[in-house]
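Note sheet for the following structure.
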Amino acid sequence: MSTVPRSQARRQPPVFLAELMAWIRAFGPYRWASGRLKDWGVTGRTLVIGTPYLWLVLFFLVPFIIVLKISVSDIRLGMPPYEPLLHWVEHQVVTLKINLGNYAFLFEDPLYRNAYLNSIWMAATSTFFCLLIGYPMAYGIARTSPSWRNLLLMMVMLPFWTSFLLRVYAWIGILKNNGLINNTLMALGVIDDPIVMLQTDFAVYMGIVYSYLPFMVLPLYANLEKMDLTLLEAAADLGCRPMKAFVTITLPLSIPGIVAGSMLVFIPAVGEFVIPALLGGPDSLMIGRVLWEEFFHNRDWPVASAVAIAMLVLLVGPIMILQYNQGRQAGAHR
Amino acid sequence: MIGRRSFLITTLMAFGFAFLYIPILSMIVYSFNESRLVTVWAGFSTKWYVELVQNEQILNAAKLSLQIAAINATGAVILGTLAGLALSRFRRFKGRTLMTGMTTAPLVMPEVITGLSLLLLFVAMEQVFGWPAGRGMTTITIAHMTFSMAYVTVVIQSRLSSLDESLEEAAMDLGAKPAKVFLLITLPIIFPAILAGWLLAFTLSWDDLVITSFVSGPGSSTLPLVIFSKVRLGVSPDINALATIMVTIVAIGIVSAGLYMQRQERRRERDIQAALAANQ
């Protein structure tokens, strides 16, 4: 009993916060501002909801509308390098000029079509390999004793907190012609000439799988860790073999985790720029890289915007699936 | 028997961890390599670290990145905490679905799209309002806050939804106003989550290359921009040294956070047991 008061004393509500609040209350400008806000019918609730809401509308939603607008305007020389959509004729009549040519261009030019399809294919394949490597990891961590579990989780998180750019860069040193893999294989006498790996699609796959693996493992772990193990016990009692129990019980129950992990990998991987730019060759085209080139090298803002909108249209489906999946998981919590 | 790991799973897990760590370890090893040829071992040396701390360009970029990351993290924590509160404590309000969408989408949105759209917004704003004049630290910070607040929101929201609401209700029943309840009850309890959110927002900003490339201007080269332009020209040993320093800092941070959490956990268990013993 004697240990209780000490730890409870540490849990006392921090008194300084109360003092701080009283001090703020007495502060003139605060009283004036809160009085005005009350007059306008603004409550604390409105402020709590409204502040982040306004921020997100202004800096997340409105920009997309601008991208949409610029994607249908004409390119011109100068800054900003696009024509306005609305033209004021004699200060009275407004004419709207919409140019769908940028989209037609995307469909007709095989470069864009290939980049688009290639991105989907590469992102999907990488997601599959992430799942293949990540599932056993998440499963293993979830079935480890709690003391080891935290250590292993920390080990999954550590790369996630380390610079993405530097982790991609590390692969250059591993994959290049006189890099780690080729040097090792040649020293062992397995090969005589280096295998060209850098600047190929293989390097891009490695980079994506490596960089996005933690995004697959963490949601899968969160799902597998919650699983009710008595289900497996019941199955074993009834004579079910472990492999069959896994396929009929664990795997179906972990589908929300699989969906969450796969979407967290697939969606950003489609628009990946850094990995194809550093590890890929000139012909490993991905849509994110095409957008970058259009914008920074060709300075064609309207086409870059059209590429962005086309990518967004592709991603709306996966984003909705992710939303729905998260909502359902959150609902199951309550 | 049930729930134990099999040999197969252990092997696959070891393979996964090796895959995660070999690239990082290779960077650390090569950072101490004497040779400029990075992958050919020529003896132990710390000269790349010396070269790194003498590189003005990298040091200035690091300073700018630190400033942006700190301001961004503070702003993102305020916005993210408000958003997390709104989503978990106000079950019904107009546009709740839109808000949920706007806090989830930035988490997965390809960075090229976010970067381009923010740049176009800043250009349009400059045309209409004359602000922000040009691009630089301000635009980078706003852009970083927008995507990192979404991460903070997720952290805060999940902490709030696992929080026992009866504590807040009790305080409210005793006549405390919502603002007071938040400051005296909710805030101290969710403080670890707020700290985690701050660190996450800091790291995201510190690391970001793509969005920053779009919204930065002349004279505002953050560290990732400098690294990228160096790396594009080929492997350079001082980048290995930089990576080693950054990995070490993150590792120390994560391990100490893990130890701290473990201690908290143990203390909580002890408290619960002591409370149970006291009740008997």
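A note on labels: chains of the structure tokens are A, B, ... as shown, every chain counts residues from 1, and ligands are counted from 1 in their shown order.
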
Give the residues of chain B that lie within 6 Å of chain A; count only C-alpha atoms, and format the answer as JSON, numbers by chain. {"B": [3, 4, 9, 13, 23, 39, 79, 82, 83, 86, 108, 109, 110, 113, 117, 118, 121, 207, 278]}

Write the residues of the selection above to a file with N, CA, C and O atoms, as a PDB file, in the first residue's frame.
ATOM      1  N   GLY B   3      -0.095 -20.429 -31.568  1.00  0.00           N
ATOM      2  CA  GLY B   3       0.445 -19.073 -31.529  1.00  0.00           C
ATOM      3  C   GLY B   3       1.954 -19.040 -31.467  1.00  0.00           C
ATOM      4  O   GLY B   3       2.549 -17.981 -31.482  1.00  0.00           O
ATOM      5  N   ARG B   4       2.583 -20.203 -31.407  1.00  0.00           N
ATOM      6  CA  ARG B   4       4.042 -20.215 -31.438  1.00  0.00           C
ATOM      7  C   ARG B   4       4.518 -20.078 -32.875  1.00  0.00           C
ATOM      8  O   ARG B   4       3.823 -20.434 -33.817  1.00  0.00           O
ATOM      9  N   ILE B   9       8.541 -19.711 -40.374  1.00  0.00           N
ATOM     10  CA  ILE B   9       8.232 -18.297 -40.162  1.00  0.00           C
ATOM     11  C   ILE B   9       9.471 -17.561 -39.666  1.00  0.00           C
ATOM     12  O   ILE B   9       9.786 -16.455 -40.118  1.00  0.00           O
ATOM     13  N   MET B  13      11.198 -14.471 -41.499  1.00  0.00           N
ATOM     14  CA  MET B  13      11.306 -13.214 -40.773  1.00  0.00           C
ATOM     15  C   MET B  13      12.751 -12.714 -40.789  1.00  0.00           C
ATOM     16  O   MET B  13      13.008 -11.539 -41.020  1.00  0.00           O
ATOM     17  N   PRO B  23      21.169  -2.889 -46.660  1.00  0.00           N
ATOM     18  CA  PRO B  23      21.531  -1.600 -47.286  1.00  0.00           C
ATOM     19  C   PRO B  23      22.003  -0.565 -46.280  1.00  0.00           C
ATOM     20  O   PRO B  23      22.986   0.147 -46.529  1.00  0.00           O
ATOM     21  N   THR B  39      32.994   1.343 -53.062  1.00  0.00           N
ATOM     22  CA  THR B  39      32.740  -0.079 -52.823  1.00  0.00           C
ATOM     23  C   THR B  39      34.004  -0.923 -52.780  1.00  0.00           C
ATOM     24  O   THR B  39      33.928  -2.118 -52.586  1.00  0.00           O
ATOM     25  N   LEU B  79      -2.436  21.855 -35.646  1.00  0.00           N
ATOM     26  CA  LEU B  79      -3.533  21.569 -36.582  1.00  0.00           C
ATOM     27  C   LEU B  79      -3.991  20.115 -36.465  1.00  0.00           C
ATOM     28  O   LEU B  79      -5.188  19.828 -36.473  1.00  0.00           O
ATOM     29  N   LEU B  82      -6.048  19.472 -33.287  1.00  0.00           N
ATOM     30  CA  LEU B  82      -7.409  19.999 -33.448  1.00  0.00           C
ATOM     31  C   LEU B  82      -8.226  19.071 -34.345  1.00  0.00           C
ATOM     32  O   LEU B  82      -9.375  18.735 -34.033  1.00  0.00           O
ATOM     33  N   ALA B  83      -7.625  18.642 -35.466  1.00  0.00           N
ATOM     34  CA  ALA B  83      -8.351  17.774 -36.390  1.00  0.00           C
ATOM     35  C   ALA B  83      -8.685  16.438 -35.731  1.00  0.00           C
ATOM     36  O   ALA B  83      -9.797  15.918 -35.875  1.00  0.00           O
ATOM     37  N   ALA B  86     -11.501  17.002 -33.364  1.00  0.00           N
ATOM     38  CA  ALA B  86     -12.757  17.202 -34.094  1.00  0.00           C
ATOM     39  C   ALA B  86     -13.318  15.864 -34.557  1.00  0.00           C
ATOM     40  O   ALA B  86     -14.503  15.591 -34.395  1.00  0.00           O
ATOM     41  N   VAL B 108      -1.403   9.045 -48.575  1.00  0.00           N
ATOM     42  CA  VAL B 108      -1.047   8.166 -49.674  1.00  0.00           C
ATOM     43  C   VAL B 108      -0.851   8.908 -50.993  1.00  0.00           C
ATOM     44  O   VAL B 108      -0.352   8.340 -51.953  1.00  0.00           O
ATOM     45  N   MET B 109      -1.258  10.166 -51.049  1.00  0.00           N
ATOM     46  CA  MET B 109      -1.186  10.908 -52.306  1.00  0.00           C
ATOM     47  C   MET B 109       0.254  10.930 -52.834  1.00  0.00           C
ATOM     48  O   MET B 109       1.172  11.288 -52.102  1.00  0.00           O
ATOM     49  N   PRO B 110       0.461  10.533 -54.099  1.00  0.00           N
ATOM     50  CA  PRO B 110       1.821  10.633 -54.637  1.00  0.00           C
ATOM     51  C   PRO B 110       2.340  12.060 -54.488  1.00  0.00           C
ATOM     52  O   PRO B 110       1.620  13.028 -54.726  1.00  0.00           O
ATOM     53  N   ILE B 113       2.011  14.834 -57.165  1.00  0.00           N
ATOM     54  CA  ILE B 113       0.707  15.506 -57.316  1.00  0.00           C
ATOM     55  C   ILE B 113       0.571  16.607 -56.271  1.00  0.00           C
ATOM     56  O   ILE B 113       0.247  17.758 -56.593  1.00  0.00           O
ATOM     57  N   SER B 117       0.361  20.575 -57.198  1.00  0.00           N
ATOM     58  CA  SER B 117      -0.865  21.323 -56.905  1.00  0.00           C
ATOM     59  C   SER B 117      -0.580  22.470 -55.945  1.00  0.00           C
ATOM     60  O   SER B 117      -1.122  23.563 -56.102  1.00  0.00           O
ATOM     61  N   LEU B 118       0.303  22.249 -54.957  1.00  0.00           N
ATOM     62  CA  LEU B 118       0.613  23.344 -54.036  1.00  0.00           C
ATOM     63  C   LEU B 118       1.357  24.470 -54.740  1.00  0.00           C
ATOM     64  O   LEU B 118       1.093  25.644 -54.496  1.00  0.00           O
ATOM     65  N   LEU B 121      -1.073  26.490 -56.607  1.00  0.00           N
ATOM     66  CA  LEU B 121      -1.836  27.328 -55.679  1.00  0.00           C
ATOM     67  C   LEU B 121      -1.021  28.563 -55.294  1.00  0.00           C
ATOM     68  O   LEU B 121      -1.531  29.688 -55.325  1.00  0.00           O
ATOM     69  N   ASP B 207      12.950  14.980 -44.246  1.00  0.00           N
ATOM     70  CA  ASP B 207      13.231  14.023 -45.312  1.00  0.00           C
ATOM     71  C   ASP B 207      12.717  14.422 -46.677  1.00  0.00           C
ATOM     72  O   ASP B 207      13.096  13.834 -47.665  1.00  0.00           O
ATOM     73  N   ALA B 278      -4.785  -2.424  -2.810  1.00  0.00           N
ATOM     74  CA  ALA B 278      -5.311  -1.446  -1.864  1.00  0.00           C
ATOM     75  C   ALA B 278      -6.814  -1.605  -1.687  1.00  0.00           C
ATOM     76  O   ALA B 278      -7.365  -1.327  -0.624  1.00  0.00           O
TER      77      ALA B 278
END

Expected answer as an MDAnalysis selection string: strand (DSSP E or B) residues in stretch 85-173 of chain A: chainID A and resid 86:89 93:96

Mind dumping the selected residues with C-alpha atoms as a PDB file, in the first residue's frame?
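Written output follows (out-v6.pdb):
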ATOM      1  CA  LEU A  86     -11.711  33.325 -68.653  1.00  0.00           C
ATOM      2  CA  HIS A  87     -11.371  36.134 -71.116  1.00  0.00           C
ATOM      3  CA  TRP A  88     -13.069  39.448 -70.477  1.00  0.00           C
ATOM      4  CA  VAL A  89     -14.334  40.829 -73.744  1.00  0.00           C
ATOM      5  CA  VAL A  93     -18.935  39.351 -71.720  1.00  0.00           C
ATOM      6  CA  VAL A  94     -16.914  36.537 -70.275  1.00  0.00           C
ATOM      7  CA  THR A  95     -15.827  33.829 -72.625  1.00  0.00           C
ATOM      8  CA  LEU A  96     -14.587  30.488 -71.407  1.00  0.00           C
TER       9      LEU A  96
END

Just want the 9 Å neighbourhood of B:Gly43, counted on only C-alpha atoms, with same-chain residues fewer than 6 positions away dropped. Output as a PyMOL selection string. chain B and resi 32-35

Write a file of the selected residues as an mmCIF file, in the first residue's frame, keeping all heavy atoms.
data_model
loop_
_atom_site.group_PDB
_atom_site.id
_atom_site.type_symbol
_atom_site.label_atom_id
_atom_site.label_comp_id
_atom_site.auth_asym_id
_atom_site.auth_seq_id
_atom_site.Cartn_x
_atom_site.Cartn_y
_atom_site.Cartn_z
ATOM 1 N N PHE B 32 33.222 4.442 -43.546
ATOM 2 C CA PHE B 32 34.546 4.441 -42.924
ATOM 3 C C PHE B 32 35.623 3.958 -43.893
ATOM 4 O O PHE B 32 36.721 3.596 -43.488
ATOM 5 C CB PHE B 32 34.543 3.545 -41.678
ATOM 6 C CG PHE B 32 33.678 4.086 -40.578
ATOM 7 C CD1 PHE B 32 32.456 3.490 -40.287
ATOM 8 C CD2 PHE B 32 34.065 5.197 -39.855
ATOM 9 C CE1 PHE B 32 31.650 3.995 -39.287
ATOM 10 C CE2 PHE B 32 33.263 5.701 -38.851
ATOM 11 C CZ PHE B 32 32.048 5.109 -38.564
ATOM 12 N N ASN B 33 35.270 3.910 -45.181
ATOM 13 C CA ASN B 33 36.214 3.402 -46.173
ATOM 14 C C ASN B 33 37.156 4.505 -46.635
ATOM 15 O O ASN B 33 36.733 5.619 -46.941
ATOM 16 C CB ASN B 33 35.410 2.846 -47.357
ATOM 17 C CG ASN B 33 36.271 2.100 -48.340
ATOM 18 O OD1 ASN B 33 37.490 2.002 -48.145
ATOM 19 N ND2 ASN B 33 35.658 1.601 -49.381
ATOM 20 N N GLU B 34 38.405 4.175 -46.682
ATOM 21 C CA GLU B 34 39.430 5.143 -47.102
ATOM 22 C C GLU B 34 39.249 5.572 -48.556
ATOM 23 O O GLU B 34 39.402 6.719 -48.922
ATOM 24 C CB GLU B 34 40.799 4.471 -46.892
ATOM 25 C CG GLU B 34 41.985 5.186 -47.489
ATOM 26 C CD GLU B 34 42.539 6.253 -46.557
ATOM 27 O OE1 GLU B 34 42.718 5.946 -45.367
ATOM 28 O OE2 GLU B 34 42.785 7.376 -47.014
ATOM 29 N N SER B 35 38.876 4.576 -49.407
ATOM 30 C CA SER B 35 38.861 4.811 -50.856
ATOM 31 C C SER B 35 37.696 5.686 -51.299
ATOM 32 O O SER B 35 36.600 5.631 -50.727
ATOM 33 C CB SER B 35 38.795 3.460 -51.567
ATOM 34 O OG SER B 35 38.359 3.639 -52.888
#

Can you list, as a ChimeraX atom specification, all residues belonging to stretch 201-307 of chain A that DSSP tags as alpha helix (DSSP H)? /A:201-225,230-237,242-245,251-253,255-270,274-279,287-296,301-307

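Atom CA of B:Val181 is found 8.8 Å from atom CA of B:Glu169.
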
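In this comparison, which uses only C-alpha atoms, the residue of B:Leu259, B:Leu199, B:Ile245, B:Ala277 approaching B:Met27 most closely is B:Ile245.
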
Can you tell me how far atom CA of A:Gly280 sits from atom CA of B:Ser31, in Å to one decimal?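 Going from atom CA of A:Gly280 over to atom CA of B:Ser31 covers 24.1 Å.
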
Please report the interatomic distance between atom CA of B:Ser229 and atom CA of B:Pro132 in Å with one decimal.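 Computing it gives 26.2 Å between the two atoms.
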
I'd like the neighbourhood of stretch 153-155 of chain B as a PDB file with N, CA and C atoms, in the first residue's frame, where a residue qualifies if any of its atoms comes within 9 Å (using only C-alpha atoms), though same-chain residues fewer than 3 positions away should be ignored.
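Once everything was written out, this is out25.pdb:
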ATOM      1  N   ALA B  76       2.120  21.612 -37.399  1.00  0.00           N
ATOM      2  CA  ALA B  76       1.381  20.399 -37.748  1.00  0.00           C
ATOM      3  C   ALA B  76       0.765  19.766 -36.516  1.00  0.00           C
ATOM      4  N   VAL B  77       1.468  19.852 -35.374  1.00  0.00           N
ATOM      5  CA  VAL B  77       0.921  19.269 -34.146  1.00  0.00           C
ATOM      6  C   VAL B  77      -0.335  20.026 -33.709  1.00  0.00           C
ATOM      7  N   LEU B  79      -2.436  21.855 -35.646  1.00  0.00           N
ATOM      8  CA  LEU B  79      -3.533  21.569 -36.582  1.00  0.00           C
ATOM      9  C   LEU B  79      -3.991  20.115 -36.465  1.00  0.00           C
ATOM     10  N   GLY B  80      -3.022  19.195 -36.351  1.00  0.00           N
ATOM     11  CA  GLY B  80      -3.363  17.782 -36.294  1.00  0.00           C
ATOM     12  C   GLY B  80      -4.112  17.416 -35.022  1.00  0.00           C
ATOM     13  N   THR B  81      -3.734  18.045 -33.892  1.00  0.00           N
ATOM     14  CA  THR B  81      -4.442  17.765 -32.648  1.00  0.00           C
ATOM     15  C   THR B  81      -5.873  18.270 -32.733  1.00  0.00           C
ATOM     16  N   LEU B  82      -6.048  19.472 -33.287  1.00  0.00           N
ATOM     17  CA  LEU B  82      -7.409  19.999 -33.448  1.00  0.00           C
ATOM     18  C   LEU B  82      -8.226  19.071 -34.345  1.00  0.00           C
ATOM     19  N   ALA B  83      -7.625  18.642 -35.466  1.00  0.00           N
ATOM     20  CA  ALA B  83      -8.351  17.774 -36.390  1.00  0.00           C
ATOM     21  C   ALA B  83      -8.685  16.438 -35.731  1.00  0.00           C
ATOM     22  N   GLY B  84      -7.715  15.892 -34.979  1.00  0.00           N
ATOM     23  CA  GLY B  84      -7.952  14.623 -34.291  1.00  0.00           C
ATOM     24  C   GLY B  84      -9.070  14.754 -33.273  1.00  0.00           C
ATOM     25  N   LEU B  85      -9.070  15.881 -32.527  1.00  0.00           N
ATOM     26  CA  LEU B  85     -10.131  16.151 -31.560  1.00  0.00           C
ATOM     27  C   LEU B  85     -11.479  16.235 -32.267  1.00  0.00           C
ATOM     28  N   LEU B  87     -12.436  15.009 -35.093  1.00  0.00           N
ATOM     29  CA  LEU B  87     -12.922  13.754 -35.671  1.00  0.00           C
ATOM     30  C   LEU B  87     -13.297  12.727 -34.611  1.00  0.00           C
ATOM     31  N   THR B 103      -8.030  14.265 -44.442  1.00  0.00           N
ATOM     32  CA  THR B 103      -6.937  13.902 -43.541  1.00  0.00           C
ATOM     33  C   THR B 103      -6.342  12.532 -43.892  1.00  0.00           C
ATOM     34  N   THR B 104      -7.049  11.725 -44.688  1.00  0.00           N
ATOM     35  CA  THR B 104      -6.481  10.427 -45.078  1.00  0.00           C
ATOM     36  C   THR B 104      -5.724  10.543 -46.390  1.00  0.00           C
ATOM     37  N   SER B 148       2.095  16.845 -43.316  1.00  0.00           N
ATOM     38  CA  SER B 148       2.451  16.191 -42.049  1.00  0.00           C
ATOM     39  C   SER B 148       1.330  16.297 -41.008  1.00  0.00           C
ATOM     40  N   MET B 149       0.444  17.314 -41.135  1.00  0.00           N
ATOM     41  CA  MET B 149      -0.658  17.366 -40.174  1.00  0.00           C
ATOM     42  C   MET B 149      -1.565  16.150 -40.321  1.00  0.00           C
ATOM     43  N   ALA B 150      -1.628  15.580 -41.531  1.00  0.00           N
ATOM     44  CA  ALA B 150      -2.462  14.399 -41.729  1.00  0.00           C
ATOM     45  C   ALA B 150      -1.926  13.220 -40.904  1.00  0.00           C
ATOM     46  N   SER B 158      -6.073   8.109 -33.124  1.00  0.00           N
ATOM     47  CA  SER B 158      -6.089   6.740 -32.612  1.00  0.00           C
ATOM     48  C   SER B 158      -5.865   6.741 -31.105  1.00  0.00           C
ATOM     49  N   ARG B 159      -5.072   7.700 -30.602  1.00  0.00           N
ATOM     50  CA  ARG B 159      -4.883   7.788 -29.151  1.00  0.00           C
ATOM     51  C   ARG B 159      -6.182   8.199 -28.469  1.00  0.00           C
ATOM     52  N   LEU B 160      -6.873   9.178 -29.056  1.00  0.00           N
ATOM     53  CA  LEU B 160      -8.109   9.679 -28.445  1.00  0.00           C
ATOM     54  C   LEU B 160      -9.201   8.620 -28.453  1.00  0.00           C
ATOM     55  N   ALA B 193       1.418  10.990 -27.214  1.00  0.00           N
ATOM     56  CA  ALA B 193       1.017  10.922 -28.623  1.00  0.00           C
ATOM     57  C   ALA B 193       1.358  12.225 -29.337  1.00  0.00           C
ATOM     58  N   ILE B 194       1.188  13.354 -28.638  1.00  0.00           N
ATOM     59  CA  ILE B 194       1.514  14.650 -29.233  1.00  0.00           C
ATOM     60  C   ILE B 194       3.010  14.734 -29.532  1.00  0.00           C
ATOM     61  N   ALA B 196       4.992  12.167 -30.030  1.00  0.00           N
ATOM     62  CA  ALA B 196       5.260  11.260 -31.147  1.00  0.00           C
ATOM     63  C   ALA B 196       4.890  11.940 -32.464  1.00  0.00           C
ATOM     64  N   GLY B 197       3.733  12.631 -32.466  1.00  0.00           N
ATOM     65  CA  GLY B 197       3.288  13.344 -33.664  1.00  0.00           C
ATOM     66  C   GLY B 197       4.275  14.425 -34.068  1.00  0.00           C
TER      67      GLY B 197
END

Rank nothing, just name the residue among B:Phe147, B:Asn72, B:Thr141, B:Leu119 nearest to B:Leu107, using only C-alpha atoms.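 Under the stated criterion, the closest residue is B:Phe147.
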
Which of A:Asn99, A:Ser254, A:Thr127, A:Asn114 sits closest to A:Val290 [using only C-alpha atoms]: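 Result for the nearest residue to A:Val290: A:Asn114.
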
Measuring between only C-alpha atoms, which one of B:Trp131, B:Phe214, B:Phe93, B:Tyr260 shows the shortest distance to B:Thr114?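 Using only C-alpha atoms, the shortest distance to B:Thr114 belongs to B:Phe214.
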